[in-house]
Structure formats: structure tokens, C-alpha cells
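Text of structure_8.pdb, listed as PDB, C-alpha atoms and all ligand atoms:
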ATOM      1  CA  THR A   1      12.342 -55.557  58.741
ATOM      2  CA  HIS A   2      15.276 -53.268  59.440
ATOM      3  CA  PHE A   3      12.908 -50.864  61.189
ATOM      4  CA  GLY A   4      12.559 -53.441  63.922
ATOM      5  CA  TYR A   5       8.829 -53.389  64.491
ATOM      6  CA  GLU A   6       6.771 -56.537  64.822
ATOM      7  CA  THR A   7       6.240 -58.333  61.527
ATOM      8  CA  VAL A   8       5.468 -61.855  62.694
ATOM      9  CA  ALA A   9       2.398 -63.684  61.457
ATOM     10  CA  LEU A  10       1.452 -61.077  58.886
ATOM     11  CA  GLY A  11      -1.175 -63.226  57.231
ATOM     12  CA  GLU A  12      -2.758 -63.949  60.559
ATOM     13  CA  LYS A  13      -2.767 -60.273  61.391
ATOM     14  CA  GLN A  14      -4.912 -59.235  58.414
ATOM     15  CA  GLY A  15      -7.414 -61.969  59.282
ATOM     16  CA  ARG A  16      -7.695 -60.663  62.817
ATOM     17  CA  VAL A  17      -8.084 -57.071  61.618
ATOM     18  CA  ASP A  18     -10.834 -58.071  59.202
ATOM     19  CA  GLU A  19     -12.681 -59.845  61.981
ATOM     20  CA  VAL A  20     -12.421 -56.765  64.218
ATOM     21  CA  PHE A  21     -13.957 -54.412  61.665
ATOM     22  CA  ARG A  22     -16.608 -56.839  60.483
ATOM     23  CA  SER A  23     -17.653 -57.179  64.092
ATOM     24  CA  VAL A  24     -17.821 -53.449  64.832
ATOM     25  CA  ALA A  25     -18.830 -51.929  61.443
ATOM     26  CA  SER A  26     -22.425 -51.041  62.331
ATOM     27  CA  ARG A  27     -21.384 -49.431  65.610
ATOM     28  CA  TYR A  28     -18.073 -48.052  64.395
ATOM     29  CA  ASP A  29     -19.044 -44.376  64.133
ATOM     30  CA  LEU A  30     -20.753 -44.348  67.520
ATOM     31  CA  MET A  31     -17.744 -46.057  69.118
ATOM     32  CA  ASN A  32     -15.376 -43.447  67.674
ATOM     33  CA  ASP A  33     -17.383 -40.660  69.281
ATOM     34  CA  LEU A  34     -17.550 -42.457  72.629
ATOM     35  CA  MET A  35     -13.935 -43.673  72.797
ATOM     36  CA  SER A  36     -12.380 -40.388  71.763
ATOM     37  CA  VAL A  37     -15.072 -38.277  73.494
ATOM     38  CA  GLY A  38     -15.703 -36.690  70.122
ATOM     39  CA  LEU A  39     -12.058 -35.724  69.592
ATOM     40  CA  HIS A  40     -11.661 -37.847  66.461
ATOM     41  CA  ARG A  41     -13.759 -35.231  64.670
ATOM     42  CA  ALA A  42     -11.220 -32.507  65.492
ATOM     43  CA  TRP A  43      -8.285 -34.734  64.474
ATOM     44  CA  LYS A  44      -9.916 -35.504  61.147
ATOM     45  CA  ASP A  45     -10.793 -31.827  60.591
ATOM     46  CA  ALA A  46      -7.136 -30.958  61.250
ATOM     47  CA  MET A  47      -5.952 -33.492  58.672
ATOM     48  CA  VAL A  48      -8.270 -32.116  55.989
ATOM     49  CA  SER A  49      -7.282 -28.513  56.851
ATOM     50  CA  ALA A  50      -3.636 -29.498  56.395
ATOM     51  CA  LEU A  51      -4.526 -31.057  53.042
ATOM     52  CA  ARG A  52      -6.131 -27.850  51.745
ATOM     53  CA  PRO A  53      -7.684 -29.398  48.622
ATOM     54  CA  PRO A  54      -8.200 -26.841  45.808
ATOM     55  CA  ARG A  55     -11.658 -25.237  45.627
ATOM     56  CA  THR A  56     -11.772 -24.481  41.928
ATOM     57  CA  ARG A  57      -9.424 -26.859  40.120
ATOM     58  CA  PRO A  58     -10.230 -30.553  39.519
ATOM     59  CA  TYR A  59      -8.802 -32.707  42.293
ATOM     60  CA  ARG A  60      -8.564 -36.484  42.626
ATOM     61  CA  HIS A  61      -8.160 -37.863  46.112
ATOM     62  CA  LEU A  62      -7.643 -41.344  47.529
ATOM     63  CA  ASP A  63      -8.553 -42.114  51.136
ATOM     64  CA  VAL A  64      -7.144 -45.508  52.088
ATOM     65  CA  ALA A  65      -8.605 -47.568  54.937
ATOM     66  CA  GLY A  66     -11.390 -45.036  54.519
ATOM     67  CA  GLY A  67     -13.967 -47.158  56.317
ATOM     68  CA  THR A  68     -17.242 -45.344  56.780
ATOM     69  CA  GLY A  69     -16.178 -42.228  54.863
ATOM     70  CA  ASP A  70     -15.310 -39.682  57.560
ATOM     71  CA  ILE A  71     -12.237 -38.328  55.764
ATOM     72  CA  ALA A  72     -13.709 -38.582  52.269
ATOM     73  CA  PHE A  73     -16.773 -36.499  53.176
ATOM     74  CA  ARG A  74     -14.616 -33.851  54.810
ATOM     75  CA  VAL A  75     -12.385 -33.632  51.724
ATOM     76  CA  LEU A  76     -15.454 -33.255  49.494
ATOM     77  CA  ASP A  77     -16.933 -30.578  51.766
ATOM     78  CA  GLU A  78     -13.668 -28.659  51.730
ATOM     79  CA  ALA A  79     -12.813 -29.071  48.029
ATOM     80  CA  GLY A  80     -14.656 -27.636  45.046
ATOM     81  CA  PRO A  81     -17.325 -29.332  42.931
ATOM     82  CA  ALA A  82     -14.642 -30.671  40.570
ATOM     83  CA  ALA A  83     -13.203 -32.929  43.298
ATOM     84  CA  HIS A  84     -13.527 -36.688  43.330
ATOM     85  CA  VAL A  85     -12.698 -38.961  46.252
ATOM     86  CA  THR A  86     -12.077 -42.688  46.127
ATOM     87  CA  VAL A  87     -12.526 -44.483  49.437
ATOM     88  CA  LEU A  88     -10.595 -47.732  49.556
ATOM     89  CA  ASP A  89     -11.045 -50.271  52.330
ATOM     90  CA  ILE A  90     -10.435 -53.986  52.688
ATOM     91  CA  ASN A  91     -13.655 -54.501  54.605
ATOM     92  CA  PRO A  92     -16.983 -54.655  52.714
ATOM     93  CA  ASP A  93     -19.015 -54.093  55.902
ATOM     94  CA  MET A  94     -17.252 -50.807  56.637
ATOM     95  CA  LEU A  95     -17.680 -49.736  52.987
ATOM     96  CA  ALA A  96     -21.394 -50.569  53.106
ATOM     97  CA  VAL A  97     -21.859 -48.185  56.042
ATOM     98  CA  GLY A  98     -19.867 -45.530  54.130
ATOM     99  CA  ARG A  99     -21.943 -45.921  50.954
ATOM    100  CA  GLU A 100     -25.126 -45.571  52.927
ATOM    101  CA  ARG A 101     -23.846 -42.451  54.692
ATOM    102  CA  ALA A 102     -22.752 -40.906  51.382
ATOM    103  CA  GLY A 103     -26.241 -41.517  49.990
ATOM    104  CA  GLU A 104     -27.461 -38.885  47.588
ATOM    105  CA  ARG A 105     -25.376 -36.188  49.179
ATOM    106  CA  TYR A 106     -22.120 -36.816  47.330
ATOM    107  CA  GLY A 107     -23.369 -38.817  44.360
ATOM    108  CA  PRO A 108     -20.651 -39.758  41.865
ATOM    109  CA  ARG A 109     -18.104 -37.536  43.640
ATOM    110  CA  ALA A 110     -17.562 -40.321  46.204
ATOM    111  CA  GLU A 111     -16.607 -43.793  45.080
ATOM    112  CA  PHE A 112     -16.144 -46.834  47.319
ATOM    113  CA  VAL A 113     -13.654 -49.524  46.331
ATOM    114  CA  GLU A 114     -12.818 -52.759  48.103
ATOM    115  CA  GLY A 115      -9.080 -53.330  48.098
ATOM    116  CA  ASN A 116      -5.866 -53.710  50.035
ATOM    117  CA  ALA A 117      -3.580 -50.807  50.962
ATOM    118  CA  GLU A 118      -0.621 -53.075  50.209
ATOM    119  CA  SER A 119      -1.549 -53.511  46.537
ATOM    120  CA  LEU A 120      -3.755 -50.685  45.302
ATOM    121  CA  PRO A 121      -5.918 -51.391  42.239
ATOM    122  CA  PHE A 122      -4.958 -48.057  40.597
ATOM    123  CA  GLU A 123      -2.477 -46.957  37.972
ATOM    124  CA  ASP A 124       0.713 -45.060  38.740
ATOM    125  CA  ARG A 125       0.262 -41.315  39.261
ATOM    126  CA  SER A 126      -3.553 -41.394  39.484
ATOM    127  CA  PHE A 127      -4.135 -39.091  42.482
ATOM    128  CA  ASP A 128      -3.330 -35.580  43.718
ATOM    129  CA  GLY A 129      -3.691 -36.535  47.363
ATOM    130  CA  TYR A 130      -3.571 -39.638  49.551
ATOM    131  CA  THR A 131      -4.833 -39.883  53.129
ATOM    132  CA  ILE A 132      -4.956 -42.728  55.603
ATOM    133  CA  ALA A 133      -6.528 -42.125  59.021
ATOM    134  CA  PHE A 134      -6.176 -44.631  61.831
ATOM    135  CA  GLY A 135      -5.621 -47.245  59.170
ATOM    136  CA  ILE A 136      -1.919 -47.873  58.604
ATOM    137  CA  ARG A 137      -1.573 -49.384  62.075
ATOM    138  CA  ASN A 138      -3.833 -52.198  60.892
ATOM    139  CA  VAL A 139      -1.923 -52.933  57.704
ATOM    140  CA  PRO A 140       0.468 -55.886  58.118
ATOM    141  CA  ARG A 141       3.138 -54.658  55.667
ATOM    142  CA  ILE A 142       3.490 -50.951  56.363
ATOM    143  CA  GLU A 143       6.359 -50.481  53.876
ATOM    144  CA  ALA A 144       4.273 -52.020  51.098
ATOM    145  CA  ALA A 145       1.422 -49.614  51.853
ATOM    146  CA  LEU A 146       3.781 -46.608  51.835
ATOM    147  CA  ALA A 147       5.368 -47.707  48.545
ATOM    148  CA  GLU A 148       1.903 -48.010  47.025
ATOM    149  CA  ALA A 149       0.940 -44.555  48.307
ATOM    150  CA  HIS A 150       3.994 -43.130  46.575
ATOM    151  CA  ARG A 151       3.303 -45.048  43.360
ATOM    152  CA  VAL A 152      -0.310 -43.900  42.892
ATOM    153  CA  LEU A 153       0.390 -40.222  43.666
ATOM    154  CA  LYS A 154       1.163 -37.752  40.903
ATOM    155  CA  THR A 155       4.338 -35.718  41.125
ATOM    156  CA  GLY A 156       3.563 -32.879  43.528
ATOM    157  CA  GLY A 157       1.060 -35.093  45.339
ATOM    158  CA  ARG A 158       0.521 -34.954  49.081
ATOM    159  CA  PHE A 159       0.620 -37.834  51.544
ATOM    160  CA  LEU A 160      -1.051 -37.425  54.946
ATOM    161  CA  CYS A 161      -1.402 -40.025  57.643
ATOM    162  CA  LEU A 162      -3.249 -39.676  60.926
ATOM    163  CA  GLU A 163      -2.404 -42.295  63.515
ATOM    164  CA  PHE A 164      -2.473 -42.897  67.231
ATOM    165  CA  SER A 165       0.800 -42.729  69.092
ATOM    166  CA  MET A 166       1.867 -42.987  72.680
ATOM    167  CA  PRO A 167       1.478 -39.725  74.645
ATOM    168  CA  ASP A 168       4.633 -37.721  75.303
ATOM    169  CA  MET A 169       3.251 -35.507  78.085
ATOM    170  CA  PRO A 170       4.625 -36.389  81.530
ATOM    171  CA  GLY A 171       1.924 -37.783  83.821
ATOM    172  CA  PHE A 172      -0.517 -38.104  80.965
ATOM    173  CA  ASP A 173       0.838 -41.547  80.011
ATOM    174  CA  ARG A 174      -0.554 -43.169  83.158
ATOM    175  CA  ILE A 175      -4.011 -41.764  82.626
ATOM    176  CA  TYR A 176      -3.770 -42.877  79.014
ATOM    177  CA  ASP A 177      -2.807 -46.437  80.021
ATOM    178  CA  ALA A 178      -5.659 -46.679  82.499
ATOM    179  CA  TYR A 179      -8.070 -45.394  79.884
ATOM    180  CA  SER A 180      -6.758 -47.755  77.179
ATOM    181  CA  PHE A 181      -6.725 -50.929  79.213
ATOM    182  CA  ASN A 182      -9.798 -50.403  81.378
ATOM    183  CA  VAL A 183     -12.224 -48.002  79.786
ATOM    184  CA  ILE A 184     -11.856 -48.868  76.095
ATOM    185  CA  PRO A 185     -12.414 -52.653  76.241
ATOM    186  CA  ARG A 186     -15.378 -52.155  78.597
ATOM    187  CA  LEU A 187     -16.891 -49.502  76.399
ATOM    188  CA  GLY A 188     -16.300 -51.813  73.417
ATOM    189  CA  LYS A 189     -18.116 -54.614  75.159
ATOM    190  CA  ALA A 190     -21.026 -52.420  76.232
ATOM    191  CA  VAL A 191     -21.594 -50.930  72.778
ATOM    192  CA  THR A 192     -20.558 -53.663  70.330
ATOM    193  CA  GLY A 193     -20.622 -56.729  72.600
ATOM    194  CA  ASP A 194     -16.995 -57.288  71.636
ATOM    195  CA  ALA A 195     -14.307 -56.411  74.211
ATOM    196  CA  GLU A 196     -11.646 -58.467  72.435
ATOM    197  CA  SER A 197     -11.690 -56.334  69.280
ATOM    198  CA  TYR A 198     -11.094 -53.210  71.313
ATOM    199  CA  ARG A 199      -8.346 -54.875  73.316
ATOM    200  CA  TYR A 200      -6.729 -55.673  69.977
ATOM    201  CA  LEU A 201      -6.967 -52.026  68.901
ATOM    202  CA  VAL A 202      -5.320 -50.825  72.109
ATOM    203  CA  GLU A 203      -2.450 -53.278  71.659
ATOM    204  CA  SER A 204      -1.936 -52.375  68.028
ATOM    205  CA  ILE A 205      -1.268 -48.764  69.089
ATOM    206  CA  ARG A 206       1.523 -49.961  71.357
ATOM    207  CA  ARG A 207       3.104 -52.083  68.648
ATOM    208  CA  PHE A 208       3.112 -49.356  66.013
ATOM    209  CA  PRO A 209       6.541 -47.781  65.235
ATOM    210  CA  THR A 210       7.403 -44.604  67.157
ATOM    211  CA  PRO A 211       6.784 -41.335  65.259
ATOM    212  CA  GLY A 212      10.471 -40.900  64.382
ATOM    213  CA  VAL A 213      10.797 -44.428  63.022
ATOM    214  CA  PHE A 214       7.557 -44.084  61.086
ATOM    215  CA  ALA A 215       8.758 -40.774  59.583
ATOM    216  CA  ASP A 216      11.927 -42.563  58.405
ATOM    217  CA  MET A 217       9.769 -45.222  56.766
ATOM    218  CA  ILE A 218       7.777 -42.532  54.915
ATOM    219  CA  GLU A 219      11.041 -41.024  53.710
ATOM    220  CA  GLU A 220      12.358 -44.437  52.660
ATOM    221  CA  ALA A 221       9.237 -44.931  50.527
ATOM    222  CA  GLY A 222      10.384 -41.915  48.501
ATOM    223  CA  PHE A 223       8.498 -39.026  50.100
ATOM    224  CA  ARG A 224      10.231 -35.708  50.725
ATOM    225  CA  ARG A 225       9.764 -32.817  53.174
ATOM    226  CA  VAL A 226       8.527 -35.403  55.667
ATOM    227  CA  THR A 227       7.193 -33.887  58.878
ATOM    228  CA  HIS A 228       4.968 -34.875  61.763
ATOM    229  CA  ARG A 229       3.189 -33.082  64.548
ATOM    230  CA  ALA A 230       1.568 -34.174  67.769
ATOM    231  CA  MET A 231      -2.051 -33.503  68.636
ATOM    232  CA  THR A 232      -3.794 -33.833  72.013
ATOM    233  CA  GLY A 233      -0.650 -34.419  74.064
ATOM    234  CA  GLY A 234       0.769 -36.837  71.516
ATOM    235  CA  ILE A 235      -1.997 -39.437  71.521
ATOM    236  CA  VAL A 236      -2.450 -38.695  67.822
ATOM    237  CA  ARG A 237       0.063 -37.653  65.182
ATOM    238  CA  LEU A 238      -0.300 -36.173  61.739
ATOM    239  CA  HIS A 239       2.453 -37.286  59.349
ATOM    240  CA  SER A 240       3.013 -35.475  56.086
ATOM    241  CA  GLY A 241       5.107 -36.010  52.978
ATOM    242  CA  TRP A 242       5.288 -34.926  49.345
ATOM    243  CA  LYS A 243       6.019 -36.801  46.165
ATOM    244  CA  ILE A 244       8.449 -34.539  44.345
TER     245      ILE A 244
HETATM  246  N1  LIG B   1     -10.301 -44.000  58.223
HETATM  247  C1  LIG B   1     -11.508 -44.353  58.964
HETATM  248  C2  LIG B   1     -11.671 -43.442  60.136
HETATM  249  O1  LIG B   1     -10.718 -42.724  60.443
HETATM  250  O2  LIG B   1     -12.722 -43.436  60.766
HETATM  251  C3  LIG B   1     -11.497 -45.829  59.398
HETATM  252  C4  LIG B   1     -10.373 -46.238  60.313
HETATM  253  S1  LIG B   1     -10.579 -47.849  60.987
HETATM  254  C5  LIG B   1      -9.847 -47.651  62.594
HETATM  255  C6  LIG B   1      -9.394 -48.821  60.116
HETATM  256  C7  LIG B   1      -9.854 -49.303  58.759
HETATM  257  O3  LIG B   1      -8.748 -49.931  58.101
HETATM  258  C8  LIG B   1     -10.954 -50.354  58.785
HETATM  259  O4  LIG B   1     -12.054 -49.893  58.046
HETATM  260  C9  LIG B   1     -10.311 -51.583  58.146
HETATM  261  O5  LIG B   1     -11.194 -52.394  57.404
HETATM  262  C10 LIG B   1      -9.255 -50.946  57.262
HETATM  263  N2  LIG B   1      -8.144 -51.834  56.854
HETATM  264  C11 LIG B   1      -7.501 -52.743  57.611
HETATM  265  N3  LIG B   1      -6.541 -53.365  56.906
HETATM  266  C12 LIG B   1      -6.565 -52.829  55.657
HETATM  267  C13 LIG B   1      -5.808 -53.058  54.463
HETATM  268  N4  LIG B   1      -4.814 -53.953  54.427
HETATM  269  N5  LIG B   1      -6.115 -52.332  53.371
HETATM  270  C14 LIG B   1      -7.118 -51.413  53.396
HETATM  271  N6  LIG B   1      -7.865 -51.156  54.491
HETATM  272  C15 LIG B   1      -7.602 -51.852  55.607
END
Take the structure I supplied and represent it as C-alpha cells, if you would.
Amino acid sequence: THFGYETVALGEKQGRVDEVFRSVASRYDLMNDLMSVGLHRAWKDAMVSALRPPRTRPYRHLDVAGGTGDIAFRVLDEAGPAAHVTVLDINPDMLAVGRERAGERYGPRAEFVEGNAESLPFEDRSFDGYTIAFGIRNVPRIEAALAEAHRVLKTGGRFLCLEFSMPDMPGFDRIYDAYSFNVIPRLGKAVTGDAESYRYLVESIRRFPTPGVFADMIEEAGFRRVTHRAMTGGIVRLHSGWKI
């Protein structure tokens, strides 16, 4: 693409991604806590605070690549009783864990749908908000996913994306590299028996467009007032845009 990030072997890529998450689904939540030393909870809280879903009005939300439901449950906890969240993920094993976690607690307010971020099974202008957390990096055609996000949002709808990025704090990058290449695959192997999947995840962070390039892609998809901010020394970024 003209954004110059890696687009080779797109079909192969989705197959690899599906294998990774099938392999780790049952240990996914535990691994998140271990790998991020619990920080992923704060990053996700920050995304949902930025979203500020209404507490009294009806609100329809779509969480793409929603996996085991972490973002969806936070949105429902934050929003009022008239909120509804659809969790969409391509992987049935991740969704199964999410459904089980949702249990009785959220009832019909949480819905789990198998589907692809690149071609969402929803009508135009169906949602007030769209989130994707640590998911877009795994999607082979990022522009297609962004175009779909824009399509399914209502006018006035909010787009938020949480994603890893490379740290921008001097000195921190070396610690980050050592952690990514040594600690993460070993931890992955110890907990899930699968070092390769975690090696893949580390590499996918390096291949993802830089924050500035990604912001341009969000803008190109039609979003306005596009901004992004770094968290935890730049290892994670929150991107925001509006459909207006
Ligand atoms: N959002 C959750 C969280 O923050 O804990 C899960 C993130 S997990 C790192 C990435 C998720 O993206 C996986 O559940 C995977 O199945 C999903 N995924 C990968 N490719 C996808 C696609 N093309 N469409 C929808 N979901 C996809």
C-alpha cells in the first residue's frame, strides 16, 4: 500500500494469527496479566474512560477483536443499563472464553459474534462507538478494517484503538527489546507451552505502522479530529477519531 507497511502474504497472515489465538485462548487472560505485569488493565481502563459512554441514554457499542471480553465488560460497567455491546472476533475459541466470563452477569447486554474486522456483518451506521484493543495489529488489511469501522459508525460516533507501539523514551527501548525477545517468548512457553505464538506477537508489534502513519490511515478512512497519545513510555498508544 502507499503507507509502506508490510502487506505480503495477507492470506497466510490471518491463518497464522488464528493459530496463535486458538493455541492461547484458554490461557490468554492469565498471559496478559503476566506479560504486561497487570498494566493491560490500566490501559484498557484508560480507553474506556476516554470513551465516556453515556450513563442514561441508550448506547450501542461494537468492540472488534474483542476476544475474551475485557473491553466490552468495562464499557458495560461504565455505561448505563440501556447500553448494549457487541463483541466481534474472528476466533471462536476466544469468543467461547468471553461468553463464559460474561455468564449471567451481563445477560443480553453483551453479545458475541464471530466475524472479520475487514468485512463486518453489520449495517451502515449501526453503532455509537467502536473500539479495537490490541487487535488491529493482527488484521492483515488494516485499511479495510478502518473503512469498515467508519461505515458501521453513526454520524457523531467515536473510534478508539489501543495498540502497542515502540517506546519513545531514551534508554527504555533497550530494556523493552530485551523484555520482548527474551522474557515474553519464555513466559509464553512456560504458561501456554507455545513460545512461537508469543514470538509472533512480538514481531507483529515491530511491523505495525508508526503512530504517525497509523493516524494518517485513520484520517484517510474518513475519521476527523484524529489524535493519539502515548501511555507507559510509548509502549502503548490510544488512537482516537470521530465520524462527523
Ligand atoms: N481485545 C482483546 C484484549 O484486548 O484483550 C483481545 C486482543 S487479542 C491480542 C487479538 C484478537 O484479535 C484475538 O482475539 C484474535 O482472534 C482477534 N483477531 C485477529 N484477526 C482478526 C480479524 N481479522 N477480525 C477480527 N478479529 C481478529
Set up a box along x, y and z of the file covering all listed atoms of ligand LIG 1 (chain B), add 6 Å on every one of the six sides, and write the centre and edge lengths in Å to one decimal, as AutoDock Vina command-line options.
--center_x -8.8 --center_y -48.3 --center_z 58.0 --size_x 19.9 --size_y 23.2 --size_z 21.2
Spell out the residues picked by the PyMOL selection byres (((chain A and resi 106) around 12) and not hetatm) here, as a compact mmCIF listing (two decimals) with C-alpha atoms, in the coordinates of the input.
# COMPACT_ATOMS: atom_id res chain seq x y z
CA GLY A 69 -16.18 -42.23 54.86
CA ALA A 72 -13.71 -38.58 52.27
CA PHE A 73 -16.77 -36.50 53.18
CA ARG A 74 -14.62 -33.85 54.81
CA VAL A 75 -12.38 -33.63 51.72
CA LEU A 76 -15.45 -33.26 49.49
CA ASP A 77 -16.93 -30.58 51.77
CA PRO A 81 -17.32 -29.33 42.93
CA ALA A 82 -14.64 -30.67 40.57
CA ALA A 83 -13.20 -32.93 43.30
CA HIS A 84 -13.53 -36.69 43.33
CA VAL A 85 -12.70 -38.96 46.25
CA THR A 86 -12.08 -42.69 46.13
CA GLY A 98 -19.87 -45.53 54.13
CA ARG A 99 -21.94 -45.92 50.95
CA GLU A 100 -25.13 -45.57 52.93
CA ARG A 101 -23.85 -42.45 54.69
CA ALA A 102 -22.75 -40.91 51.38
CA GLY A 103 -26.24 -41.52 49.99
CA GLU A 104 -27.46 -38.88 47.59
CA ARG A 105 -25.38 -36.19 49.18
CA GLY A 107 -23.37 -38.82 44.36
CA PRO A 108 -20.65 -39.76 41.86
CA ARG A 109 -18.10 -37.54 43.64
CA ALA A 110 -17.56 -40.32 46.20
CA GLU A 111 -16.61 -43.79 45.08
CA PHE A 112 -16.14 -46.83 47.32
Any residue with an atom at most 9 Å from ligand LIG 1 (chain B) counts, using only C-alpha atoms and all ligand atoms. Which are they? Put them as number ranges by chain.
A: 14-15, 17-22, 25, 28-29, 32, 40, 44, 63-72, 88-95, 114-120, 131-141, 145, 162-163, 201
Surrounding residues of Gly188 in chain A excluding itself and chain neighbours under 6 positions, 7 Å, all atoms listed in the file, as a PDB file with C-alpha atoms, in the coordinates of the input:
ATOM      1  CA  ASP A 194     -16.995 -57.288  71.636  1.00  0.00           C
ATOM      2  CA  ALA A 195     -14.307 -56.411  74.211  1.00  0.00           C
ATOM      3  CA  TYR A 198     -11.094 -53.210  71.313  1.00  0.00           C
TER       4      TYR A 198
END
TODO: For the file shown, report as a ChimeraX atom specification the outcome of the PyMOL selection byres (((chain A and resi 168) around 10) and not hetatm) at residue level.
DONE: /A:165-167,169-173,230,232-235
The residue from A:Pro58, A:Leu34, A:Ser240, A:Arg225 with the smallest atom-to-atom distance to Val191 in chain A, counting all atoms listed in the file, is A:Leu34
query = What residues come out when you apply the PyMOL selection byres (((chain A and resi 184) around 9) and not hetatm) to this file, written as a VMD selection string?
reply = chain A and resid 35 179 to 183 185 to 189 195 198 to 199 202
Q.
Between CA of Met217 in chain A and CA of Ser36 in chain A, what is the distance in Å, rounded to a tenth?
A.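 For CA of Met217 in chain A relative to CA of Ser36 in chain A, the distance reads 27.2 Å.
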### Query
Can you list, as a PyMOL selection string, every protein, DNA or RNA residue that comes within 8 Å of range 204-215 of chain A when you count only C-alpha atoms, leaving out same-chain residues fewer than 3 positions away?
chain A and resi 3+5-6+137-138+164-166+200-201+218-219+226-228+237+239
Pairwise distance, CA of Tyr130 in chain A with CA of Leu160 in chain A, equals 6.4 Å
